[in-house]
>>> print(open('structure-v8.cif').read())   # mmCIF, C-alpha atoms, pLDDT in the B column; chains and numbers go by the auth columns
data_entry
loop_
_atom_site.group_PDB
_atom_site.id
_atom_site.type_symbol
_atom_site.label_atom_id
_atom_site.label_comp_id
_atom_site.label_asym_id
_atom_site.label_seq_id
_atom_site.Cartn_x
_atom_site.Cartn_y
_atom_site.Cartn_z
_atom_site.B_iso_or_equiv
_atom_site.auth_seq_id
_atom_site.auth_asym_id
ATOM 1 C CA MET A 1 39.772 -153.331 -87.217 82.00 1 A
ATOM 2 C CA ASN A 2 37.234 -151.361 -85.144 90.00 2 A
ATOM 3 C CA LYS A 3 33.886 -150.341 -86.589 91.00 3 A
ATOM 4 C CA ASN A 4 34.952 -146.809 -87.520 93.00 4 A
ATOM 5 C CA GLU A 5 37.915 -148.210 -89.453 95.00 5 A
ATOM 6 C CA LEU A 6 35.632 -150.739 -91.097 96.00 6 A
ATOM 7 C CA ILE A 7 33.185 -148.015 -92.159 97.00 7 A
ATOM 8 C CA ALA A 8 36.001 -145.883 -93.552 97.00 8 A
ATOM 9 C CA LYS A 9 37.397 -148.793 -95.561 97.00 9 A
ATOM 10 C CA VAL A 10 33.983 -149.861 -96.877 98.00 10 A
ATOM 11 C CA ASN A 11 33.235 -146.323 -98.029 97.00 11 A
ATOM 12 C CA SER A 12 36.652 -145.926 -99.595 97.00 12 A
ATOM 13 C CA VAL A 13 36.690 -149.158 -101.606 97.00 13 A
ATOM 14 C CA LEU A 14 33.085 -148.789 -102.788 98.00 14 A
ATOM 15 C CA ALA A 15 33.538 -145.147 -103.775 97.00 15 A
ATOM 16 C CA GLU A 16 36.656 -145.996 -105.763 97.00 16 A
ATOM 17 C CA GLU A 17 35.205 -149.075 -107.481 96.00 17 A
ATOM 18 C CA PHE A 18 31.901 -147.480 -108.432 97.00 18 A
ATOM 19 C CA GLU A 19 33.320 -144.021 -109.063 96.00 19 A
ATOM 20 C CA VAL A 20 31.161 -142.002 -106.687 97.00 20 A
ATOM 21 C CA GLU A 21 32.076 -139.320 -104.168 96.00 21 A
ATOM 22 C CA GLU A 22 32.552 -140.754 -100.701 96.00 22 A
ATOM 23 C CA SER A 23 30.502 -137.879 -99.326 95.00 23 A
ATOM 24 C CA ILE A 24 27.276 -139.313 -100.791 97.00 24 A
ATOM 25 C CA ILE A 25 27.768 -142.570 -98.903 97.00 25 A
ATOM 26 C CA THR A 26 25.803 -142.102 -95.704 97.00 26 A
ATOM 27 C CA PRO A 27 24.635 -144.767 -93.256 97.00 27 A
ATOM 28 C CA GLU A 28 20.976 -144.469 -94.157 97.00 28 A
ATOM 29 C CA ALA A 29 21.509 -144.259 -97.942 97.00 29 A
ATOM 30 C CA ASN A 30 20.283 -147.065 -100.170 97.00 30 A
ATOM 31 C CA ILE A 31 23.286 -148.990 -101.526 98.00 31 A
ATOM 32 C CA LYS A 32 21.891 -149.827 -104.962 96.00 32 A
ATOM 33 C CA GLN A 33 20.677 -146.305 -105.612 97.00 33 A
ATOM 34 C CA THR A 34 23.767 -144.585 -104.292 98.00 34 A
ATOM 35 C CA LEU A 35 26.205 -146.747 -106.227 97.00 35 A
ATOM 36 C CA GLN A 36 23.834 -147.045 -109.201 97.00 36 A
ATOM 37 C CA LEU A 37 24.032 -150.815 -109.152 96.00 37 A
ATOM 38 C CA ASP A 38 22.224 -153.035 -111.618 94.00 38 A
ATOM 39 C CA SER A 39 22.069 -156.820 -111.443 90.00 39 A
ATOM 40 C CA LEU A 40 25.510 -157.160 -113.082 92.00 40 A
ATOM 41 C CA SER A 41 27.333 -154.566 -110.997 94.00 41 A
ATOM 42 C CA LEU A 42 25.744 -155.964 -107.845 95.00 42 A
ATOM 43 C CA VAL A 43 27.849 -159.063 -108.527 95.00 43 A
ATOM 44 C CA ASP A 44 30.937 -156.829 -108.617 95.00 44 A
ATOM 45 C CA MET A 45 30.056 -155.367 -105.224 96.00 45 A
ATOM 46 C CA VAL A 46 29.646 -158.803 -103.653 96.00 46 A
ATOM 47 C CA ALA A 47 32.975 -159.934 -105.184 95.00 47 A
ATOM 48 C CA LEU A 48 34.701 -156.757 -103.985 96.00 48 A
ATOM 49 C CA ILE A 49 33.417 -157.140 -100.430 97.00 49 A
ATOM 50 C CA GLU A 50 34.537 -160.765 -100.442 95.00 50 A
ATOM 51 C CA SER A 51 38.040 -159.943 -101.673 94.00 51 A
ATOM 52 C CA GLU A 52 38.548 -156.915 -99.405 96.00 52 A
ATOM 53 C CA PHE A 53 36.948 -158.215 -96.208 96.00 53 A
ATOM 54 C CA GLY A 54 36.841 -161.976 -96.663 95.00 54 A
ATOM 55 C CA VAL A 55 33.083 -161.975 -96.162 96.00 55 A
ATOM 56 C CA LYS A 56 30.717 -163.520 -98.690 93.00 56 A
ATOM 57 C CA ILE A 57 27.316 -161.864 -98.560 94.00 57 A
ATOM 58 C CA GLN A 58 24.929 -164.780 -98.842 90.00 58 A
ATOM 59 C CA PRO A 59 22.182 -164.421 -101.469 85.00 59 A
ATOM 60 C CA ALA A 60 19.498 -164.824 -98.821 87.00 60 A
ATOM 61 C CA ASP A 61 21.063 -161.984 -96.814 92.00 61 A
ATOM 62 C CA LEU A 62 21.481 -159.645 -99.760 91.00 62 A
ATOM 63 C CA ALA A 63 17.850 -158.572 -99.700 89.00 63 A
ATOM 64 C CA GLN A 64 18.254 -157.462 -96.075 92.00 64 A
ATOM 65 C CA VAL A 65 21.436 -155.469 -96.682 95.00 65 A
ATOM 66 C CA LYS A 66 19.785 -152.464 -98.308 95.00 66 A
ATOM 67 C CA THR A 67 21.525 -149.546 -96.617 97.00 67 A
ATOM 68 C CA PHE A 68 25.166 -148.855 -95.883 98.00 68 A
ATOM 69 C CA ASP A 69 24.395 -149.054 -92.174 97.00 69 A
ATOM 70 C CA ALA A 70 23.065 -152.573 -92.686 97.00 70 A
ATOM 71 C CA LEU A 71 26.206 -153.438 -94.651 97.00 71 A
ATOM 72 C CA TYR A 72 28.484 -152.078 -91.899 97.00 72 A
ATOM 73 C CA ASP A 73 26.633 -154.165 -89.306 97.00 73 A
ATOM 74 C CA TYR A 74 26.693 -157.253 -91.522 97.00 74 A
ATOM 75 C CA LEU A 75 30.448 -156.993 -91.971 97.00 75 A
ATOM 76 C CA ALA A 76 31.188 -156.000 -88.380 96.00 76 A
ATOM 77 C CA GLU A 77 29.550 -159.226 -87.212 94.00 77 A
ATOM 78 C CA ARG A 78 31.684 -161.327 -89.557 93.00 78 A
ATOM 79 C CA VAL A 79 35.075 -159.683 -90.008 86.00 79 A
ATOM 80 C CA MET B 1 39.778 -186.433 -118.639 67.00 1 B
ATOM 81 C CA ILE B 2 36.090 -186.769 -117.886 89.00 2 B
ATOM 82 C CA PHE B 3 34.468 -185.673 -121.170 92.00 3 B
ATOM 83 C CA CYS B 4 35.741 -185.522 -124.721 93.00 4 B
ATOM 84 C CA GLY B 5 34.384 -185.215 -128.233 90.00 5 B
ATOM 85 C CA GLU B 6 30.624 -185.535 -128.567 92.00 6 B
ATOM 86 C CA GLU B 7 30.253 -186.307 -124.861 93.00 7 B
ATOM 87 C CA ILE B 8 30.646 -182.566 -124.333 94.00 8 B
ATOM 88 C CA TYR B 9 27.288 -182.008 -126.035 93.00 9 B
ATOM 89 C CA GLN B 10 25.788 -183.160 -122.745 91.00 10 B
ATOM 90 C CA LEU B 11 27.171 -180.028 -121.086 91.00 11 B
ATOM 91 C CA ILE B 12 26.766 -177.248 -123.645 91.00 12 B
ATOM 92 C CA PRO B 13 24.048 -176.449 -126.184 90.00 13 B
ATOM 93 C CA GLN B 14 26.430 -175.522 -129.014 92.00 14 B
ATOM 94 C CA ARG B 15 26.934 -177.886 -131.942 94.00 15 B
ATOM 95 C CA PRO B 16 29.520 -178.056 -134.742 95.00 16 B
ATOM 96 C CA PRO B 17 30.972 -176.011 -136.244 96.00 17 B
ATOM 97 C CA ILE B 18 30.693 -173.664 -133.255 95.00 18 B
ATOM 98 C CA VAL B 19 31.842 -176.095 -130.536 97.00 19 B
ATOM 99 C CA MET B 20 35.057 -174.626 -129.089 97.00 20 B
ATOM 100 C CA VAL B 21 35.782 -177.136 -126.314 97.00 21 B
ATOM 101 C CA ASP B 22 36.905 -180.662 -127.181 96.00 22 B
ATOM 102 C CA VAL B 23 38.010 -181.944 -123.811 97.00 23 B
ATOM 103 C CA VAL B 24 36.969 -181.424 -120.188 97.00 24 B
ATOM 104 C CA TRP B 25 39.704 -182.320 -117.753 96.00 25 B
ATOM 105 C CA PHE B 26 38.056 -181.445 -114.497 94.00 26 B
ATOM 106 C CA VAL B 27 34.893 -179.955 -113.031 94.00 27 B
ATOM 107 C CA SER B 28 34.209 -179.073 -109.402 94.00 28 B
ATOM 108 C CA ASP B 29 31.872 -176.813 -107.429 90.00 29 B
ATOM 109 C CA THR B 30 34.304 -173.948 -107.856 93.00 30 B
ATOM 110 C CA GLY B 31 35.670 -174.327 -111.359 96.00 31 B
ATOM 111 C CA ALA B 32 36.625 -176.383 -114.365 96.00 32 B
ATOM 112 C CA GLU B 33 39.520 -177.166 -116.668 98.00 33 B
ATOM 113 C CA THR B 34 38.925 -177.600 -120.367 98.00 34 B
ATOM 114 C CA GLY B 35 40.869 -177.830 -123.578 98.00 35 B
ATOM 115 C CA LEU B 36 40.740 -177.340 -127.307 98.00 36 B
ATOM 116 C CA THR B 37 43.056 -178.418 -130.092 98.00 37 B
ATOM 117 C CA VAL B 38 43.045 -175.784 -132.824 98.00 38 B
ATOM 118 C CA LEU B 39 42.339 -177.607 -136.077 98.00 39 B
ATOM 119 C CA PRO B 40 42.876 -176.059 -139.528 98.00 40 B
ATOM 120 C CA ASP B 41 39.151 -176.120 -140.328 97.00 41 B
ATOM 121 C CA ASN B 42 38.130 -174.301 -137.140 98.00 42 B
ATOM 122 C CA ILE B 43 35.844 -171.442 -138.183 98.00 43 B
ATOM 123 C CA PHE B 44 37.842 -168.996 -136.055 98.00 44 B
ATOM 124 C CA VAL B 45 41.152 -169.804 -137.760 98.00 45 B
ATOM 125 C CA ARG B 46 42.426 -167.217 -140.176 97.00 46 B
ATOM 126 C CA ASP B 47 45.914 -166.952 -141.607 97.00 47 B
ATOM 127 C CA GLY B 48 46.925 -170.026 -139.628 98.00 48 B
ATOM 128 C CA VAL B 49 46.046 -168.701 -136.167 98.00 49 B
ATOM 129 C CA PHE B 50 43.074 -168.951 -133.822 98.00 50 B
ATOM 130 C CA ARG B 51 41.628 -165.448 -133.791 98.00 51 B
ATOM 131 C CA GLU B 52 40.401 -163.292 -130.906 97.00 52 B
ATOM 132 C CA PRO B 53 36.672 -164.157 -131.241 97.00 53 B
ATOM 133 C CA GLY B 54 37.617 -167.818 -131.052 97.00 54 B
ATOM 134 C CA LEU B 55 39.494 -167.299 -127.807 97.00 55 B
ATOM 135 C CA ILE B 56 36.528 -165.454 -126.290 95.00 56 B
ATOM 136 C CA GLU B 57 34.106 -168.130 -127.508 95.00 57 B
ATOM 137 C CA HIS B 58 36.369 -170.845 -126.106 97.00 58 B
ATOM 138 C CA ILE B 59 36.394 -169.115 -122.706 96.00 59 B
ATOM 139 C CA ALA B 60 32.621 -168.630 -122.797 94.00 60 B
ATOM 140 C CA GLN B 61 32.034 -172.293 -123.655 95.00 61 B
ATOM 141 C CA SER B 62 34.490 -173.375 -120.960 96.00 62 B
ATOM 142 C CA ALA B 63 32.444 -171.334 -118.503 93.00 63 B
ATOM 143 C CA ALA B 64 29.314 -172.942 -119.957 91.00 64 B
ATOM 144 C CA VAL B 65 30.852 -176.376 -119.334 92.00 65 B
ATOM 145 C CA TYR B 66 31.301 -175.421 -115.696 91.00 66 B
ATOM 146 C CA ALA B 67 27.754 -174.096 -115.470 85.00 67 B
ATOM 147 C CA GLY B 68 26.327 -176.969 -117.510 85.00 68 B
ATOM 148 C CA TYR B 69 27.845 -179.686 -115.370 88.00 69 B
ATOM 149 C CA GLY B 70 25.263 -179.003 -112.669 85.00 70 B
ATOM 150 C CA THR B 71 22.379 -179.502 -115.085 86.00 71 B
ATOM 151 C CA PHE B 72 24.043 -182.646 -116.446 88.00 72 B
ATOM 152 C CA VAL B 73 24.326 -184.130 -112.953 88.00 73 B
ATOM 153 C CA ARG B 74 20.621 -183.446 -112.451 89.00 74 B
ATOM 154 C CA GLY B 75 19.860 -185.257 -115.715 89.00 75 B
ATOM 155 C CA GLU B 76 18.692 -182.087 -117.475 87.00 76 B
ATOM 156 C CA LYS B 77 19.493 -180.772 -120.938 84.00 77 B
ATOM 157 C CA PRO B 78 22.175 -178.080 -121.121 84.00 78 B
ATOM 158 C CA LYS B 79 20.752 -174.570 -120.885 82.00 79 B
ATOM 159 C CA LEU B 80 21.484 -171.660 -123.139 84.00 80 B
ATOM 160 C CA GLY B 81 24.019 -169.351 -121.509 84.00 81 B
ATOM 161 C CA PHE B 82 24.590 -165.658 -122.015 88.00 82 B
ATOM 162 C CA ILE B 83 27.643 -163.502 -121.464 90.00 83 B
ATOM 163 C CA GLY B 84 26.646 -160.560 -119.283 91.00 84 B
ATOM 164 C CA GLU B 85 29.996 -158.819 -119.263 93.00 85 B
ATOM 165 C CA ILE B 86 33.646 -159.346 -120.102 95.00 86 B
ATOM 166 C CA LYS B 87 36.162 -157.447 -117.961 93.00 87 B
ATOM 167 C CA ASP B 88 39.938 -157.197 -117.563 95.00 88 B
ATOM 168 C CA CYS B 89 40.394 -159.093 -120.816 97.00 89 B
ATOM 169 C CA GLU B 90 43.895 -159.739 -122.126 97.00 90 B
ATOM 170 C CA LEU B 91 44.495 -161.573 -125.393 97.00 91 B
ATOM 171 C CA LEU B 92 48.247 -162.132 -125.465 98.00 92 B
ATOM 172 C CA ILE B 93 48.841 -164.965 -127.927 97.00 93 B
ATOM 173 C CA LEU B 94 46.896 -165.992 -131.007 98.00 94 B
ATOM 174 C CA PRO B 95 47.497 -169.760 -130.964 98.00 95 B
ATOM 175 C CA PRO B 96 48.656 -171.247 -134.254 98.00 96 B
ATOM 176 C CA VAL B 97 46.916 -174.226 -135.839 98.00 97 B
ATOM 177 C CA GLY B 98 47.821 -177.376 -133.939 98.00 98 B
ATOM 178 C CA SER B 99 48.007 -175.622 -130.570 98.00 99 B
ATOM 179 C CA GLU B 100 46.455 -177.244 -127.531 98.00 100 B
ATOM 180 C CA LEU B 101 44.603 -174.763 -125.356 98.00 101 B
ATOM 181 C CA HIS B 102 44.342 -175.558 -121.651 98.00 102 B
ATOM 182 C CA THR B 103 41.845 -173.383 -119.857 98.00 103 B
ATOM 183 C CA GLU B 104 41.095 -172.900 -116.190 98.00 104 B
ATOM 184 C CA ILE B 105 37.765 -171.493 -115.040 97.00 105 B
ATOM 185 C CA GLN B 106 37.388 -170.339 -111.450 97.00 106 B
ATOM 186 C CA LEU B 107 34.165 -169.203 -109.829 95.00 107 B
ATOM 187 C CA VAL B 108 34.664 -165.835 -108.101 94.00 108 B
ATOM 188 C CA THR B 109 31.139 -165.448 -106.810 93.00 109 B
ATOM 189 C CA GLU B 110 27.507 -166.018 -107.723 91.00 110 B
ATOM 190 C CA VAL B 111 24.657 -163.602 -107.085 90.00 111 B
ATOM 191 C CA GLY B 112 21.076 -163.983 -108.231 84.00 112 B
ATOM 192 C CA GLY B 113 21.890 -166.613 -110.836 85.00 113 B
ATOM 193 C CA ILE B 114 24.725 -164.550 -112.325 91.00 114 B
ATOM 194 C CA ARG B 115 28.124 -166.202 -112.056 92.00 115 B
ATOM 195 C CA LEU B 116 31.305 -164.158 -112.038 95.00 116 B
ATOM 196 C CA ILE B 117 34.153 -166.338 -113.283 96.00 117 B
ATOM 197 C CA ARG B 118 37.854 -165.780 -113.892 97.00 118 B
ATOM 198 C CA ALA B 119 39.382 -167.547 -116.891 98.00 119 B
ATOM 199 C CA GLU B 120 42.933 -168.195 -117.999 98.00 120 B
ATOM 200 C CA VAL B 121 43.875 -169.877 -121.270 98.00 121 B
ATOM 201 C CA ARG B 122 47.357 -171.387 -121.550 98.00 122 B
ATOM 202 C CA VAL B 123 49.206 -172.673 -124.583 98.00 123 B
ATOM 203 C CA ASN B 124 52.458 -174.521 -123.939 96.00 124 B
ATOM 204 C CA GLU B 125 52.354 -173.270 -120.329 95.00 125 B
ATOM 205 C CA LYS B 126 52.190 -169.641 -121.494 98.00 126 B
ATOM 206 C CA VAL B 127 49.161 -167.485 -120.780 98.00 127 B
ATOM 207 C CA ALA B 128 47.422 -166.799 -124.088 98.00 128 B
ATOM 208 C CA ALA B 129 44.333 -165.072 -122.732 98.00 129 B
ATOM 209 C CA SER B 130 42.630 -164.153 -119.494 98.00 130 B
ATOM 210 C CA CYS B 131 39.501 -162.317 -118.435 97.00 131 B
ATOM 211 C CA GLN B 132 36.648 -162.051 -115.999 96.00 132 B
ATOM 212 C CA MET B 133 33.249 -162.938 -117.355 95.00 133 B
ATOM 213 C CA LYS B 134 29.725 -162.738 -116.007 94.00 134 B
ATOM 214 C CA ILE B 135 27.475 -165.469 -117.312 91.00 135 B
ATOM 215 C CA PHE B 136 23.935 -166.554 -116.660 86.00 136 B
ATOM 216 C CA LEU B 137 21.864 -169.458 -117.854 81.00 137 B
ATOM 217 C CA LYS B 138 18.454 -169.074 -119.438 78.00 138 B
ATOM 218 C CA ASP B 139 15.797 -171.006 -117.586 74.00 139 B
ATOM 219 C CA ASP B 140 13.443 -173.045 -119.751 66.00 140 B
#
>>> encode(input="structure-v8.cif", output="structure tokens")
Amino acid sequence: MNKNELIAKVNSVLAEEFEVEESIITPEANIKQTLQLDSLSLVDMVALIESEFGVKIQPADLAQVKTFDALYDYLAERV
Amino acid sequence: MIFCGEEIYQLIPQRPPIVMVDVVWFVSDTGAETGLTVLPDNIFVRDGVFREPGLIEHIAQSAAVYAGYGTFVRGEKPKLGFIGEIKDCELLILPPVGSELHTEIQLVTEVGGIRLIRAEVRVNEKVAASCQMKIFLKDD
């Protein structure tokens, strides 16, 4: 999977799970704000990423992965 | 079997008549297996069957056993646990009195002290209930 395919899949699965329009997911957008995540739904996002991409976002890394661009990079390095 | 009867009080804060786990078969870093024999005087038995709230409470306490094992190993008292969310819940069989519930808890992920677990309750090898549950423990 190249990075463009990865980005497309990330946007698609997150938009579907959290019921937002894909168009509002932009690289610089804040993940929590865009997907309206609270502490409980943040757990869902981590579980979804793990099941779809096989990558567990480590708790220590979660604070650094604030934007979608950061998430794409994080996954691209590990997928 | 690694815990049974009152030994389970070392893992969960509940006490009779609300204790809904009477045996712990297995605990690991990623899950646990527990059980409960449905007795006639169980407070969740009505009309001879173990009702829906009992099944949910049994799952929650099974998850608490998993979470509480870590505190037990550290020599601490069991902590109060809270259910944050129940999702994809299916209650398929209301077990009759005398049934032996066998429940498997699997950790899906953990973020910020919140554990997402998947639970499946079996009775006579048939799935009686399943769900995903988010739980967290209250720090003292």
>>> atom_distance(input="structure-v8.cif", atom1="CA of Pro95 (chain B)", atom2="CA of Trp25 (chain B)")
19.8 Å
>>> residues_around(input="structure-v8.cif", residues="Gly35 (chain B)", least_positions_apart="2", cutoff="9 Å", atoms="all atoms listed in the file", output="PyMOL selection string")
chain B and resi 20-25+33+37+58+62+100-104+121
>>> atom_distance(input="structure-v8.cif", atom1="CA of Cys4 (chain B)", atom2="CA of Met133 (chain B)")
23.9 Å
>>> residues_around(input="structure-v8.cif", residues="Phe53 (chain A)", least_positions_apart="3", cutoff="8 Å", atoms="only C-alpha atoms", output="PyMOL selection string")
chain A and resi 49-50+75+79
>>> residues_near_point(input="structure-v8.cif", point="(30.1, -146.6, -96.4)", cutoff="7 Å", atoms="only C-alpha atoms", output="list in words")
Ile7, Ala8, Val10, Asn11, Ile25, Thr26, Pro27 and Phe68 of chain A
>>> residues_around(input="structure-v8.cif", residues="Gln64 (chain A)", least_positions_apart="5", cutoff="12 Å", atoms="all atoms listed in the file", output="ChimeraX atom specification")
/A:30-31,57-59,69-71,73-74
>>> residues_around(input="structure-v8.cif", residues="Ala119 (chain B)", least_positions_apart="2", cutoff="6 Å", atoms="only C-alpha atoms", output="list in words")
Glu104, Ile105, Ser130 and Cys131 of chain B
>>> interface_residues(input="structure-v8.cif", of="chain B", to="chain A", cutoff="10 Å", atoms="only C-alpha atoms", output="JSON, numbers by chain")
{"B": [84, 85, 108, 109, 110, 111, 112, 113, 114, 115, 116, 134, 135]}
>>> residues_around(input="structure-v8.cif", residues="Glu7 (chain B)", least_positions_apart="3", cutoff="12 Å", atoms="only C-alpha atoms", output="list in words")
Met1, Ile2, Phe3, Cys4, Gln10, Leu11, Ile12, Pro13, Arg15, Val19, Val21, Asp22, Val23, Val24, Val65, Tyr69 and Phe72 of chain B
>>> build_atoms(input="structure-v8.cif", residues="region 61-82 of chain B", atoms="N, CA and C atoms", output="compact mmCIF listing (two decimals), in the frame of the given file")
# COMPACT_ATOMS: atom_id res chain seq x y z
N GLN B 61 32.51 -170.90 -123.67
CA GLN B 61 32.03 -172.29 -123.66
C GLN B 61 32.65 -173.07 -122.50
N SER B 62 33.88 -172.73 -122.13
CA SER B 62 34.49 -173.38 -120.96
C SER B 62 33.70 -173.01 -119.70
N ALA B 63 33.29 -171.75 -119.63
CA ALA B 63 32.44 -171.33 -118.50
C ALA B 63 31.09 -172.05 -118.56
N ALA B 64 30.59 -172.24 -119.78
CA ALA B 64 29.31 -172.94 -119.96
C ALA B 64 29.44 -174.41 -119.53
N VAL B 65 30.60 -175.00 -119.79
CA VAL B 65 30.85 -176.38 -119.33
C VAL B 65 30.74 -176.44 -117.81
N TYR B 66 31.36 -175.46 -117.17
CA TYR B 66 31.30 -175.42 -115.70
C TYR B 66 29.85 -175.28 -115.24
N ALA B 67 29.14 -174.33 -115.86
CA ALA B 67 27.75 -174.10 -115.47
C ALA B 67 26.87 -175.29 -115.84
N GLY B 68 27.17 -175.90 -117.00
CA GLY B 68 26.33 -176.97 -117.51
C GLY B 68 26.50 -178.29 -116.77
N TYR B 69 27.60 -178.42 -116.07
CA TYR B 69 27.84 -179.69 -115.37
C TYR B 69 26.76 -179.94 -114.32
N GLY B 70 26.31 -178.86 -113.68
CA GLY B 70 25.26 -179.00 -112.67
C GLY B 70 23.98 -179.53 -113.27
N THR B 71 23.61 -179.02 -114.45
CA THR B 71 22.38 -179.50 -115.08
C THR B 71 22.55 -180.94 -115.56
N PHE B 72 23.76 -181.28 -116.01
CA PHE B 72 24.04 -182.65 -116.45
C PHE B 72 23.87 -183.62 -115.28
N VAL B 73 24.42 -183.25 -114.13
CA VAL B 73 24.33 -184.13 -112.95
C VAL B 73 22.87 -184.36 -112.56
N ARG B 74 22.05 -183.32 -112.79
CA ARG B 74 20.62 -183.45 -112.45
C ARG B 74 19.83 -184.15 -113.56
N GLY B 75 20.52 -184.54 -114.63
CA GLY B 75 19.86 -185.26 -115.72
C GLY B 75 19.08 -184.35 -116.65
N GLU B 76 19.41 -183.04 -116.63
CA GLU B 76 18.69 -182.09 -117.48
C GLU B 76 19.50 -181.77 -118.73
N LYS B 77 18.80 -181.22 -119.73
CA LYS B 77 19.49 -180.77 -120.94
C LYS B 77 20.29 -179.51 -120.63
N PRO B 78 21.42 -179.31 -121.35
CA PRO B 78 22.18 -178.08 -121.12
C PRO B 78 21.35 -176.85 -121.48
N LYS B 79 21.52 -175.80 -120.67
CA LYS B 79 20.75 -174.57 -120.88
C LYS B 79 21.57 -173.57 -121.69
N LEU B 80 20.83 -172.72 -122.38
CA LEU B 80 21.48 -171.66 -123.14
C LEU B 80 22.09 -170.66 -122.15
N GLY B 81 23.36 -170.31 -122.39
CA GLY B 81 24.02 -169.35 -121.51
C GLY B 81 24.28 -168.04 -122.22
N PHE B 82 24.33 -166.98 -121.45
CA PHE B 82 24.59 -165.66 -122.02
C PHE B 82 25.78 -165.01 -121.30
